[in-house]
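Engineer: I'm passing along input_2.pdb; it holds PDB, C-alpha atoms and all ligand atoms.
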```
ATOM      1  CA  MET A   1      24.681 -36.322 -22.515
ATOM      2  CA  THR A   2      26.675 -36.844 -25.705
ATOM      3  CA  THR A   3      26.056 -34.480 -28.616
ATOM      4  CA  ALA A   4      26.147 -35.262 -32.324
ATOM      5  CA  THR A   5      29.753 -34.087 -32.439
ATOM      6  CA  GLY A   6      30.688 -36.396 -29.596
ATOM      7  CA  ALA A   7      31.299 -33.578 -27.117
ATOM      8  CA  ARG A   8      29.891 -34.151 -23.660
ATOM      9  CA  ARG A   9      27.633 -31.583 -22.106
ATOM     10  CA  TYR A  10      26.780 -30.932 -18.502
ATOM     11  CA  ASP A  11      23.202 -32.031 -17.913
ATOM     12  CA  GLY A  12      23.189 -32.048 -14.144
ATOM     13  CA  GLU A  13      23.423 -35.822 -13.869
ATOM     14  CA  ASN A  14      26.733 -36.839 -15.357
ATOM     15  CA  ARG A  15      28.922 -34.318 -13.580
ATOM     16  CA  HIS A  16      31.096 -37.077 -12.120
ATOM     17  CA  THR A  17      31.773 -38.666 -15.490
ATOM     18  CA  MET A  18      32.758 -35.583 -17.446
ATOM     19  CA  PRO A  19      36.052 -35.829 -19.292
ATOM     20  CA  ASP A  20      37.419 -32.533 -17.978
ATOM     21  CA  ASP A  21      36.352 -29.666 -15.781
ATOM     22  CA  ARG A  22      35.345 -27.220 -18.491
ATOM     23  CA  TYR A  23      31.693 -27.251 -17.493
ATOM     24  CA  LEU A  24      32.251 -27.399 -13.773
ATOM     25  CA  GLY A  25      34.612 -24.469 -14.245
ATOM     26  CA  VAL A  26      31.609 -22.426 -15.323
ATOM     27  CA  VAL A  27      29.789 -23.241 -12.122
ATOM     28  CA  ASP A  28      32.897 -22.513 -10.062
ATOM     29  CA  THR A  29      33.009 -19.004 -11.499
ATOM     30  CA  PHE A  30      29.853 -18.224  -9.553
ATOM     31  CA  LEU A  31      31.419 -19.388  -6.282
ATOM     32  CA  VAL A  32      33.155 -17.044  -3.859
ATOM     33  CA  THR A  33      35.235 -19.688  -2.143
ATOM     34  CA  GLY A  34      37.648 -18.209   0.383
ATOM     35  CA  LYS A  35      36.596 -14.623  -0.301
ATOM     36  CA  VAL A  36      35.893 -12.337   2.642
ATOM     37  CA  ALA A  37      32.516 -10.587   2.518
ATOM     38  CA  LEU A  38      31.101  -7.840   4.694
ATOM     39  CA  VAL A  39      27.315  -7.422   4.533
ATOM     40  CA  THR A  40      25.386  -4.559   6.147
ATOM     41  CA  GLY A  41      21.723  -4.854   7.045
ATOM     42  CA  ALA A  42      22.201  -8.605   7.424
ATOM     43  CA  GLY A  43      19.780  -8.949  10.333
ATOM     44  CA  ASP A  44      16.714  -9.113   8.106
ATOM     45  CA  GLY A  45      15.356  -9.435   4.598
ATOM     46  CA  ILE A  46      17.603  -9.065   1.578
ATOM     47  CA  GLY A  47      20.836  -8.514   3.533
ATOM     48  CA  GLN A  48      20.192 -11.566   5.688
ATOM     49  CA  GLU A  49      19.547 -13.856   2.730
ATOM     50  CA  THR A  50      22.530 -12.370   0.878
ATOM     51  CA  ALA A  51      24.820 -13.108   3.825
ATOM     52  CA  LEU A  52      23.560 -16.707   3.891
ATOM     53  CA  VAL A  53      23.863 -17.169   0.118
ATOM     54  CA  LEU A  54      27.406 -15.761   0.021
ATOM     55  CA  ALA A  55      28.386 -18.067   2.888
ATOM     56  CA  ALA A  56      26.771 -21.036   1.133
ATOM     57  CA  ALA A  57      28.797 -20.118  -1.964
ATOM     58  CA  GLY A  58      32.019 -20.326   0.016
ATOM     59  CA  ALA A  59      32.691 -16.855   1.433
ATOM     60  CA  HIS A  60      33.771 -15.965   4.958
ATOM     61  CA  VAL A  61      30.851 -13.678   5.768
ATOM     62  CA  ILE A  62      30.781 -10.985   8.412
ATOM     63  CA  ALA A  63      27.086 -10.204   8.782
ATOM     64  CA  THR A  64      26.451  -6.809  10.375
ATOM     65  CA  ASP A  65      23.380  -4.901  11.489
ATOM     66  CA  VAL A  66      22.284  -2.393  14.098
ATOM     67  CA  ASP A  67      19.639  -4.905  15.223
ATOM     68  CA  ASP A  68      21.131  -7.486  17.616
ATOM     69  CA  ASP A  69      18.011  -9.682  17.568
ATOM     70  CA  GLY A  70      18.123  -9.730  13.794
ATOM     71  CA  LEU A  71      21.745 -10.859  13.842
ATOM     72  CA  ARG A  72      20.913 -13.605  16.331
ATOM     73  CA  ASN A  73      18.235 -14.795  13.931
ATOM     74  CA  THR A  74      20.738 -14.742  11.056
ATOM     75  CA  LEU A  75      23.010 -17.017  13.105
ATOM     76  CA  VAL A  76      20.112 -19.394  13.784
ATOM     77  CA  LEU A  77      19.288 -19.567  10.072
ATOM     78  CA  ALA A  78      22.952 -20.183   9.226
ATOM     79  CA  GLY A  79      22.980 -23.050  11.732
ATOM     80  CA  GLU A  80      19.825 -24.520  10.191
ATOM     81  CA  ARG A  81      21.457 -24.439   6.764
ATOM     82  CA  GLY A  82      24.697 -25.901   8.079
ATOM     83  CA  ILE A  83      26.820 -22.904   7.134
ATOM     84  CA  SER A  84      29.159 -20.831   9.212
ATOM     85  CA  ILE A  85      28.915 -17.072   9.490
ATOM     86  CA  THR A  86      30.252 -14.334  11.798
ATOM     87  CA  THR A  87      28.079 -11.513  13.106
ATOM     88  CA  ARG A  88      29.037  -8.073  14.374
ATOM     89  CA  ARG A  89      26.948  -5.085  15.422
ATOM     90  CA  LEU A  90      27.384  -2.096  13.113
ATOM     91  CA  ASP A  91      25.416   1.139  12.880
ATOM     92  CA  ILE A  92      26.202   2.521   9.439
ATOM     93  CA  THR A  93      25.293   6.084  10.413
ATOM     94  CA  ASP A  94      28.676   6.275  12.189
ATOM     95  CA  PRO A  95      31.608   6.425   9.739
ATOM     96  CA  ALA A  96      34.084   5.743  12.566
ATOM     97  CA  GLU A  97      32.225   2.551  13.476
ATOM     98  CA  ILE A  98      32.295   1.468   9.840
ATOM     99  CA  ALA A  99      36.045   2.112   9.679
ATOM    100  CA  ASP A 100      36.559   0.103  12.897
ATOM    101  CA  THR A 101      34.577  -2.784  11.458
ATOM    102  CA  VAL A 102      36.584  -2.845   8.235
ATOM    103  CA  GLU A 103      39.813  -2.649  10.248
ATOM    104  CA  HIS A 104      38.619  -5.569  12.379
ATOM    105  CA  VAL A 105      37.759  -7.644   9.288
ATOM    106  CA  VAL A 106      41.179  -7.048   7.771
ATOM    107  CA  ALA A 107      42.905  -7.828  11.089
ATOM    108  CA  GLU A 108      40.986 -11.115  11.310
ATOM    109  CA  HIS A 109      41.022 -12.203   7.682
ATOM    110  CA  ASP A 110      43.823 -10.196   6.130
ATOM    111  CA  ARG A 111      41.610  -8.944   3.298
ATOM    112  CA  LEU A 112      38.187  -7.737   2.209
ATOM    113  CA  ASP A 113      36.914  -8.923  -1.170
ATOM    114  CA  ILE A 114      33.188  -8.214  -1.130
ATOM    115  CA  LEU A 115      31.025  -5.487   0.402
ATOM    116  CA  VAL A 116      27.244  -5.640   0.187
ATOM    117  CA  ASN A 117      25.383  -2.557   1.395
ATOM    118  CA  ALA A 118      21.898  -3.826   2.200
ATOM    119  CA  ALA A 119      21.131  -1.721   5.282
ATOM    120  CA  GLY A 120      18.371   0.735   4.527
ATOM    121  CA  VAL A 121      15.189   2.334   5.778
ATOM    122  CA  MET A 122      12.019   3.688   4.221
ATOM    123  CA  ILE A 123       9.733   6.304   5.755
ATOM    124  CA  MET A 124       6.201   6.601   4.399
ATOM    125  CA  ARG A 125       5.272  10.295   4.358
ATOM    126  CA  ASP A 126       3.765  12.684   1.826
ATOM    127  CA  ALA A 127       6.204  15.301   0.587
ATOM    128  CA  LEU A 128       4.433  18.190   2.261
ATOM    129  CA  GLU A 129       4.628  16.454   5.663
ATOM    130  CA  VAL A 130       8.295  15.427   5.637
ATOM    131  CA  THR A 131      10.360  16.890   8.480
ATOM    132  CA  PRO A 132      14.054  17.806   8.292
ATOM    133  CA  GLU A 133      14.783  15.020  10.798
ATOM    134  CA  GLU A 134      13.095  12.414   8.587
ATOM    135  CA  LEU A 135      14.969  13.475   5.474
ATOM    136  CA  ASP A 136      18.221  13.550   7.430
ATOM    137  CA  ARG A 137      17.642  10.051   8.861
ATOM    138  CA  VAL A 138      16.883   8.434   5.500
ATOM    139  CA  LEU A 139      19.799  10.125   3.758
ATOM    140  CA  ARG A 140      22.220   9.366   6.598
ATOM    141  CA  ILE A 141      21.424   5.662   6.497
ATOM    142  CA  ASN A 142      20.661   4.972   2.840
ATOM    143  CA  VAL A 143      23.143   7.327   1.195
ATOM    144  CA  GLY A 144      25.686   8.297   3.872
ATOM    145  CA  GLY A 145      25.951   4.797   5.348
ATOM    146  CA  THR A 146      26.289   3.195   1.929
ATOM    147  CA  PHE A 147      28.856   5.753   0.832
ATOM    148  CA  PHE A 148      31.062   5.576   3.936
ATOM    149  CA  ALA A 149      30.972   1.782   3.888
ATOM    150  CA  CYS A 150      32.129   1.889   0.245
ATOM    151  CA  GLN A 151      34.845   4.384   1.165
ATOM    152  CA  ALA A 152      36.174   2.354   4.108
ATOM    153  CA  ALA A 153      36.050  -0.898   2.153
ATOM    154  CA  ALA A 154      37.664   0.506  -0.988
ATOM    155  CA  ARG A 155      40.587   1.813   1.061
ATOM    156  CA  VAL A 156      41.599  -1.775   1.868
ATOM    157  CA  MET A 157      40.278  -3.638  -1.177
ATOM    158  CA  THR A 158      42.566  -4.804  -3.948
ATOM    159  CA  THR A 159      42.044  -5.803  -7.549
ATOM    160  CA  GLY A 160      39.220  -8.305  -8.074
ATOM    161  CA  ALA A 161      37.136  -6.911  -5.219
ATOM    162  CA  SER A 162      33.453  -6.154  -5.675
ATOM    163  CA  ILE A 163      30.987  -3.782  -4.031
ATOM    164  CA  VAL A 164      27.227  -4.276  -4.412
ATOM    165  CA  ASN A 165      24.826  -1.580  -3.224
ATOM    166  CA  LEU A 166      21.055  -1.795  -2.883
ATOM    167  CA  SER A 167      19.154   0.833  -4.824
ATOM    168  CA  SER A 168      15.492   0.214  -5.644
ATOM    169  CA  SER A 169      12.981   0.144  -8.491
ATOM    170  CA  ILE A 170      11.968   3.526  -7.199
ATOM    171  CA  GLN A 171      15.048   4.969  -8.929
ATOM    172  CA  ASP A 172      13.202   4.305 -12.226
ATOM    173  CA  ARG A 173       9.613   4.928 -11.263
ATOM    174  CA  SER A 174       8.651   6.823  -8.150
ATOM    175  CA  SER A 175       5.434   6.490  -6.234
ATOM    176  CA  PRO A 176       3.661   8.853  -3.838
ATOM    177  CA  GLY A 177       4.388   8.873  -0.127
ATOM    178  CA  ARG A 178       8.030   7.765  -0.319
ATOM    179  CA  ILE A 179       9.879  10.880  -1.384
ATOM    180  CA  THR A 180      12.779  10.625   1.068
ATOM    181  CA  TYR A 181      13.325   7.004   0.048
ATOM    182  CA  ALA A 182      13.149   7.886  -3.664
ATOM    183  CA  ILE A 183      15.715  10.657  -3.239
ATOM    184  CA  SER A 184      18.013   8.325  -1.339
ATOM    185  CA  LYS A 185      17.857   5.458  -3.825
ATOM    186  CA  GLY A 186      18.586   7.817  -6.724
ATOM    187  CA  GLY A 187      21.606   8.853  -4.659
ATOM    188  CA  VAL A 188      22.715   5.240  -4.252
ATOM    189  CA  ALA A 189      22.546   4.723  -8.022
ATOM    190  CA  GLN A 190      24.646   7.823  -8.637
ATOM    191  CA  LEU A 191      27.258   7.092  -6.002
ATOM    192  CA  THR A 192      27.565   3.601  -7.467
ATOM    193  CA  ARG A 193      28.329   4.935 -10.946
ATOM    194  CA  THR A 194      30.815   7.503  -9.704
ATOM    195  CA  LEU A 195      32.637   5.017  -7.484
ATOM    196  CA  ALA A 196      32.803   2.554 -10.381
ATOM    197  CA  LEU A 197      34.663   5.211 -12.366
ATOM    198  CA  GLU A 198      37.043   6.110  -9.541
ATOM    199  CA  LEU A 199      37.736   2.553  -8.349
ATOM    200  CA  GLY A 200      37.784   0.779 -11.720
ATOM    201  CA  PRO A 201      41.478   1.553 -12.312
ATOM    202  CA  ALA A 202      42.259  -0.264  -9.044
ATOM    203  CA  GLY A 203      40.353  -3.321 -10.306
ATOM    204  CA  ILE A 204      37.459  -2.797  -7.887
ATOM    205  CA  ARG A 205      33.977  -3.187  -9.347
ATOM    206  CA  VAL A 206      30.996  -1.260  -7.994
ATOM    207  CA  ASN A 207      27.411  -2.109  -8.928
ATOM    208  CA  ALA A 208      23.951  -1.701  -7.525
ATOM    209  CA  ILE A 209      20.858  -3.840  -7.671
ATOM    210  CA  ALA A 210      17.458  -2.204  -8.049
ATOM    211  CA  PRO A 211      15.095  -4.839  -6.655
ATOM    212  CA  GLY A 212      11.439  -4.956  -7.445
ATOM    213  CA  TRP A 213       9.036  -5.551  -4.593
ATOM    214  CA  VAL A 214      10.102  -8.156  -2.016
ATOM    215  CA  GLU A 215       8.320  -9.047   1.237
ATOM    216  CA  THR A 216      10.667  -8.147   4.120
ATOM    217  CA  GLY A 217      10.541  -6.260   7.403
ATOM    218  CA  MET A 218      10.684  -3.047   5.379
ATOM    219  CA  THR A 219       7.645  -3.741   3.221
ATOM    220  CA  ARG A 220       5.589  -5.443   5.946
ATOM    221  CA  GLN A 221       4.936  -1.996   7.417
ATOM    222  CA  HIS A 222       2.208  -1.592   4.791
ATOM    223  CA  TRP A 223      -0.072  -4.057   6.589
ATOM    224  CA  THR A 224       1.335  -4.166  10.114
ATOM    225  CA  HIS A 225      -0.505  -2.229  12.816
ATOM    226  CA  THR A 226       1.388  -0.240  15.439
ATOM    227  CA  ASP A 227       0.745  -3.028  17.995
ATOM    228  CA  GLY A 228       2.502  -5.488  15.672
ATOM    229  CA  SER A 229      -0.646  -7.283  14.525
ATOM    230  CA  ILE A 230      -1.056  -8.128  10.852
ATOM    231  CA  ASP A 231      -3.919  -7.145   8.571
ATOM    232  CA  ALA A 232      -4.006 -10.351   6.494
ATOM    233  CA  ALA A 233      -6.482  -9.009   3.923
ATOM    234  CA  ALA A 234      -4.375  -5.890   3.385
ATOM    235  CA  ARG A 235      -1.297  -8.074   2.930
ATOM    236  CA  GLU A 236      -3.013 -10.286   0.356
ATOM    237  CA  SER A 237      -4.293  -7.306  -1.567
ATOM    238  CA  TYR A 238      -0.896  -5.566  -1.470
ATOM    239  CA  LEU A 239       0.933  -8.673  -2.698
ATOM    240  CA  ALA A 240      -1.593  -9.185  -5.513
ATOM    241  CA  THR A 241      -1.119  -5.589  -6.678
ATOM    242  CA  MET A 242       2.655  -5.885  -6.586
ATOM    243  CA  ALA A 243       2.606  -9.244  -8.404
ATOM    244  CA  SER A 244       0.382  -7.846 -11.154
ATOM    245  CA  ALA A 245       3.108  -5.339 -12.066
ATOM    246  CA  SER A 246       5.338  -8.186 -13.268
ATOM    247  CA  PRO A 247       4.851 -10.190 -16.473
ATOM    248  CA  LEU A 248       5.842 -13.160 -14.305
ATOM    249  CA  SER A 249       2.845 -12.415 -12.064
ATOM    250  CA  ARG A 250       4.775 -12.731  -8.859
ATOM    251  CA  VAL A 251       6.695 -10.615  -6.382
ATOM    252  CA  GLY A 252      10.399 -11.092  -5.793
ATOM    253  CA  THR A 253      12.004 -13.117  -3.022
ATOM    254  CA  THR A 254      15.039 -12.332  -0.944
ATOM    255  CA  ARG A 255      16.657 -15.327  -2.671
ATOM    256  CA  ASP A 256      16.076 -13.764  -6.114
ATOM    257  CA  ILE A 257      17.997 -10.686  -5.038
ATOM    258  CA  ALA A 258      20.727 -12.554  -3.153
ATOM    259  CA  LEU A 259      21.536 -14.710  -6.193
ATOM    260  CA  SER A 260      22.002 -11.602  -8.311
ATOM    261  CA  VAL A 261      24.275 -10.153  -5.642
ATOM    262  CA  LEU A 262      26.254 -13.400  -5.839
ATOM    263  CA  GLN A 263      26.743 -13.006  -9.569
ATOM    264  CA  LEU A 264      27.968  -9.425  -9.175
ATOM    265  CA  ALA A 265      30.185 -10.344  -6.229
ATOM    266  CA  SER A 266      31.730 -13.396  -7.888
ATOM    267  CA  ASP A 267      34.081 -13.638 -10.837
ATOM    268  CA  ALA A 268      31.002 -14.350 -12.985
ATOM    269  CA  GLY A 269      30.467 -10.584 -12.844
ATOM    270  CA  ALA A 270      34.074  -9.740 -13.716
ATOM    271  CA  PHE A 271      33.125  -7.397 -16.604
ATOM    272  CA  ILE A 272      30.151  -5.769 -14.897
ATOM    273  CA  THR A 273      30.742  -2.434 -13.218
ATOM    274  CA  GLY A 274      28.919   0.853 -12.824
ATOM    275  CA  GLN A 275      25.570  -0.839 -13.452
ATOM    276  CA  VAL A 276      22.270  -0.645 -11.653
ATOM    277  CA  VAL A 277      20.911  -4.121 -12.325
ATOM    278  CA  ARG A 278      17.112  -4.359 -12.310
ATOM    279  CA  VAL A 279      16.040  -7.540 -10.542
ATOM    280  CA  ASN A 280      12.347  -6.787 -10.683
ATOM    281  CA  GLY A 281      10.537  -9.524 -12.617
ATOM    282  CA  GLY A 282      10.130  -7.129 -15.542
ATOM    283  CA  SER A 283       7.947  -4.712 -13.603
ATOM    284  CA  PHE A 284       9.969  -1.906 -15.178
ATOM    285  CA  MET A 285      11.970  -2.214 -18.390
ATOM    286  CA  ALA A 286      14.443   0.363 -19.607
TER     287      ALA A 286
HETATM  288  N1  LIG A 301      12.052  -5.139   0.186
HETATM  289  C1  LIG A 301      11.936  -4.512  -0.968
HETATM  290  O1  LIG A 301      10.905  -4.603  -1.646
HETATM  291  C2  LIG A 301      13.067  -3.660  -1.491
HETATM  292  C3  LIG A 301      12.954  -3.179  -2.790
HETATM  293  C4  LIG A 301      13.960  -2.393  -3.298
HETATM  294  C5  LIG A 301      15.076  -2.120  -2.534
HETATM  295  N2  LIG A 301      15.169  -2.602  -1.274
HETATM  296  C6  LIG A 301      16.394  -2.269  -0.527
HETATM  297  O2  LIG A 301      17.053  -3.449  -0.121
HETATM  298  C7  LIG A 301      17.754  -3.201   1.104
HETATM  299  C8  LIG A 301      17.312  -4.234   2.125
HETATM  300  O3  LIG A 301      15.934  -4.005   2.398
HETATM  301  P1  LIG A 301      14.985  -5.069   3.080
HETATM  302  O4  LIG A 301      13.724  -5.045   2.315
HETATM  303  O5  LIG A 301      15.697  -6.329   3.284
HETATM  304  O6  LIG A 301      14.719  -4.297   4.459
HETATM  305  P2  LIG A 301      14.719  -4.834   5.953
HETATM  306  O7  LIG A 301      14.080  -3.741   6.737
HETATM  307  O8  LIG A 301      14.124  -6.178   6.007
HETATM  308  O9  LIG A 301      16.269  -4.925   6.309
HETATM  309  C9  LIG A 301      17.043  -3.764   6.424
HETATM  310  C10 LIG A 301      18.047  -3.986   7.527
HETATM  311  O10 LIG A 301      18.825  -2.776   7.645
HETATM  312  C11 LIG A 301      19.087  -2.587   9.015
HETATM  313  N3  LIG A 301      19.423  -1.212   9.318
HETATM  314  C12 LIG A 301      18.600  -0.125   9.340
HETATM  315  N4  LIG A 301      19.280   0.953   9.749
HETATM  316  C13 LIG A 301      20.568   0.553   9.973
HETATM  317  C14 LIG A 301      21.745   1.209  10.411
HETATM  318  N5  LIG A 301      21.746   2.523  10.730
HETATM  319  N6  LIG A 301      22.878   0.499  10.519
HETATM  320  C15 LIG A 301      22.896  -0.823  10.220
HETATM  321  N7  LIG A 301      21.813  -1.511   9.826
HETATM  322  C16 LIG A 301      20.663  -0.812   9.707
HETATM  323  C17 LIG A 301      17.799  -3.024   9.715
HETATM  324  O11 LIG A 301      18.017  -3.297  11.091
HETATM  325  C18 LIG A 301      17.399  -4.231   8.895
HETATM  326  O12 LIG A 301      17.876  -5.432   9.460
HETATM  327  C19 LIG A 301      17.404  -1.779   1.519
HETATM  328  O13 LIG A 301      18.426  -0.915   1.107
HETATM  329  C20 LIG A 301      16.133  -1.499   0.737
HETATM  330  O14 LIG A 301      15.974  -0.128   0.506
HETATM  331  C21 LIG A 301      14.191  -3.370  -0.726
END
```
Here is the file; what I need is its structure written in the form of structure tokens.
Structural biologist:
Amino acid sequence: MTTATGARRYDGENRHTMPDDRYLGVVDTFLVTGKVALVTGAGDGIGQETALVLAAAGAHVIATDVDDDGLRNTLVLAGERGISITTRRLDITDPAEIADTVEHVVAEHDRLDILVNAAGVMIMRDALEVTPEELDRVLRINVGGTFFACQAAARVMTTGASIVNLSSSIQDRSSPGRITYAISKGGVAQLTRTLALELGPAGIRVNAIAPGWVETGMTRQHWTHTDGSIDAAARESYLATMASASPLSRVGTTRDIALSVLQLASDAGAFITGQVVRVNGGSFMA
């Protein structure tokens, strides 16, 4: 495309005939070519898609999860998309295991540029029924695991590195029956802000994403029976309710969230830190 002033603009078709790389440079800013990325919770849902998107955008990705089957599936998906990825079992409730994993990544790749904390759990229980064990489990995974992964990563990261945590829309607007989850995701938002302050001087950015509703293993529990069978009508009704909360009239996808992680992880997010970015289709506006 040629404008009235004679300047050429990128229109998606003439990329090979552009006079210089100014416009392609913009696209390149969103790439993470050669960066080393560690992703937790990468055996399913948002973490899995994020690992695949980061790899597709050029990163060396170490996809971790406590679920071996999930990781095997992530490898299959990577193969189907023609991208290469490494997997490693990691239970984020064990700070020593996290530290070992980070040490291993640095030994293999000499650096760690990106950490995405996507591992998380949700327990459905009314406040008056919650047991100490349930609260402990959710906080140990969602808050403790996220925090100790940030700590281990930040100890080896250098300027330009980026950490992306997964909070949730629930940090803005709670709903009944999820109190342990709500407490934990508020905690993730707060640890993100505090770490951004402490790590900013070292050139390390720390952000969180607060996704709106996305269909994943976590949310499927709403219509999955204990024997694993699906209540299709309940699923349809649940999705319709969730979609109606958004002015876009749809629920989110794992890809929607992964692409926002990519922006925060790449140099395109170079001036974004300490933020909890709402990727929720407008279902909540601050
Ligand atoms: N799906 C949504 O609607 C939604 C909305 C807001 C926020 N989130 C957040 O996004 C993140 C990803 O959620 P998802 O929907 O993809 O869930 P998911 O259940 O599909 O995936 C979570 C992954 O975390 C892993 N995991 C759980 N405990 C672990 C542990 N101790 N160590 C390592 N891995 C562990 C699981 O094995 C699983 O593969 C979570 O933090 C979740 O709270 C999800």
Engineer: In Å to one decimal, how far is CA of Arg111 (chain A) from CA of Val53 (chain A)?
Structural biologist: 19.8 Å
Engineer: Assuming the chain letters and numbering stay as they are in my file, what does the PyMOL selection byres (((not hetatm)) within 7 of (chain A and resi 301)) actually select? List them as a ChimeraX atom specification.
Structural biologist: /A:40-47,64-67,70,90-93,118-122,141-142,166-169,210-219
Engineer: Which of these, A:Leu139, A:Leu115, A:Ala232, A:Val39, has the shortest distance to Ala265 (chain A) once you count only C-alpha atoms?
Structural biologist: A:Leu115
Engineer: Go through A:Asp231, A:Glu49, A:Asp94, A:Glu134 one by one, measure the shortest atom-to-atom distance of each to Thr74 (chain A) using all atoms listed in the file, and give the residue with the smallest value.
Structural biologist: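 For Thr74 (chain A), the nearest of the candidates is A:Glu49.
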Engineer: Applying 10 Å and all atoms listed in the file, which residues near Leu112 (chain A) remain after dropping the ones on its own chain fewer than 6 positions away? List them as a list of chain:residue names.
Structural biologist: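 The residues satisfying every condition are A:Lys35, A:Val36, A:Ala37, A:Leu38, A:His60, A:Val102, A:Glu103, A:Val105, A:Val106, A:Ala153, A:Ala154, A:Arg155, A:Val156, A:Met157, A:Thr158, A:Ala161, A:Ser162.
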Engineer: Using all atoms listed in the file, find the one residue out of A:Trp223, A:Ser174, A:Val164, A:Ile179 that sits nearest to Thr131 (chain A).
Structural biologist: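 Closest candidate: A:Ile179.
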Engineer: Would you place a box with edges along x, y and z of the file around all atoms of region 195-204 of chain A listed there, add 4 Å to each of its six sides, and report the centre and edge lengths in Å to one decimal, as lines of an AutoDock Vina configuration file?
Structural biologist:
```
center_x = 37.4
center_y = 1.4
center_z = -9.9
size_x = 17.6
size_y = 17.4
size_z = 12.9
```
Engineer: Would you please work out which residue, of A:Gly282, A:Ile98, A:Val116, A:Ile163, is nearest to Gly145 (chain A) when using only C-alpha atoms?
Structural biologist: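 Answer, going by the shortest atom-to-atom distance: A:Ile98.
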Engineer: Measuring atom to atom with only C-alpha atoms, identify which of A:Thr224, A:Asn117, A:Thr50, A:Ser175 is nearest to Arg255 (chain A).
Structural biologist: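 Among the listed residues, A:Thr50 lies closest to Arg255 (chain A).
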Engineer: Quick one: apply the PyMOL selection byres (((chain A and resi 239) around 12) and not hetatm) to the file and drop the selected residues here as a list in words.
Structural biologist: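 For this structure, the PyMOL selection byres (((chain A and resi 239) around 12) and not hetatm) resolves to Trp213, Val214, Glu215, Thr216, Thr219, Arg220, His222, Trp223, Ala232, Ala233, Ala234, Arg235, Glu236, Ser237, Tyr238, Ala240, Thr241, Met242, Ala243, Ser244, Ala245, Ser246, Ser249, Arg250, Val251, Gly252 and Thr253 of chain A.
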Engineer: Carefully work through the PyMOL selection byres (((chain A and resi 87) around 6) and not hetatm) for this structure and note down the residues it includes, as a list in words.
Structural biologist: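 Against this file, the PyMOL selection byres (((chain A and resi 87) around 6) and not hetatm) returns the residues Ile62, Ala63, Thr64, Thr86 and Arg88 of chain A.
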Engineer: Take the residues that were just selected and, keeping C-alpha atoms, output them as a short mmCIF file (atom, residue, chain, number, x, y, z; two decimals), in the coordinates of the input.
Structural biologist:
```
data_model
loop_
_atom_site.label_atom_id
_atom_site.label_comp_id
_atom_site.auth_asym_id
_atom_site.auth_seq_id
_atom_site.Cartn_x
_atom_site.Cartn_y
_atom_site.Cartn_z
CA ILE A 62 30.78 -10.98 8.41
CA ALA A 63 27.09 -10.20 8.78
CA THR A 64 26.45 -6.81 10.38
CA THR A 86 30.25 -14.33 11.80
CA ARG A 88 29.04 -8.07 14.37
#
```
Engineer: Quick check, in Å to one decimal: how far apart do CA of Met124 (chain A) and CA of Cys150 (chain A) lie?
Structural biologist: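 CA of Cys150 (chain A) lies at a distance of 26.7 Å from CA of Met124 (chain A).
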Engineer: When distances are computed from all atoms listed in the file, which of A:Asn280, A:Ile114, A:Ala258, A:Ile183 shows the smallest separation from Ile204 (chain A)?
Structural biologist: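 Going through A:Asn280, A:Ile114, A:Ala258, A:Ile183 one by one, the smallest distance to Ile204 (chain A) is for A:Ile114.
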Engineer: Leaving out Asp267 (chain A) and any residue of its chain fewer than 2 positions from it, which residues lie within 10 Å of it when counting all atoms listed in the file, given as a ChimeraX atom specification?
Structural biologist: /A:28-32,160-162,262-265,269-272
Engineer: How far is it from CA of Val206 (chain A) to CA of Gln190 (chain A), in Å with one decimal?
Structural biologist: 11.1 Å
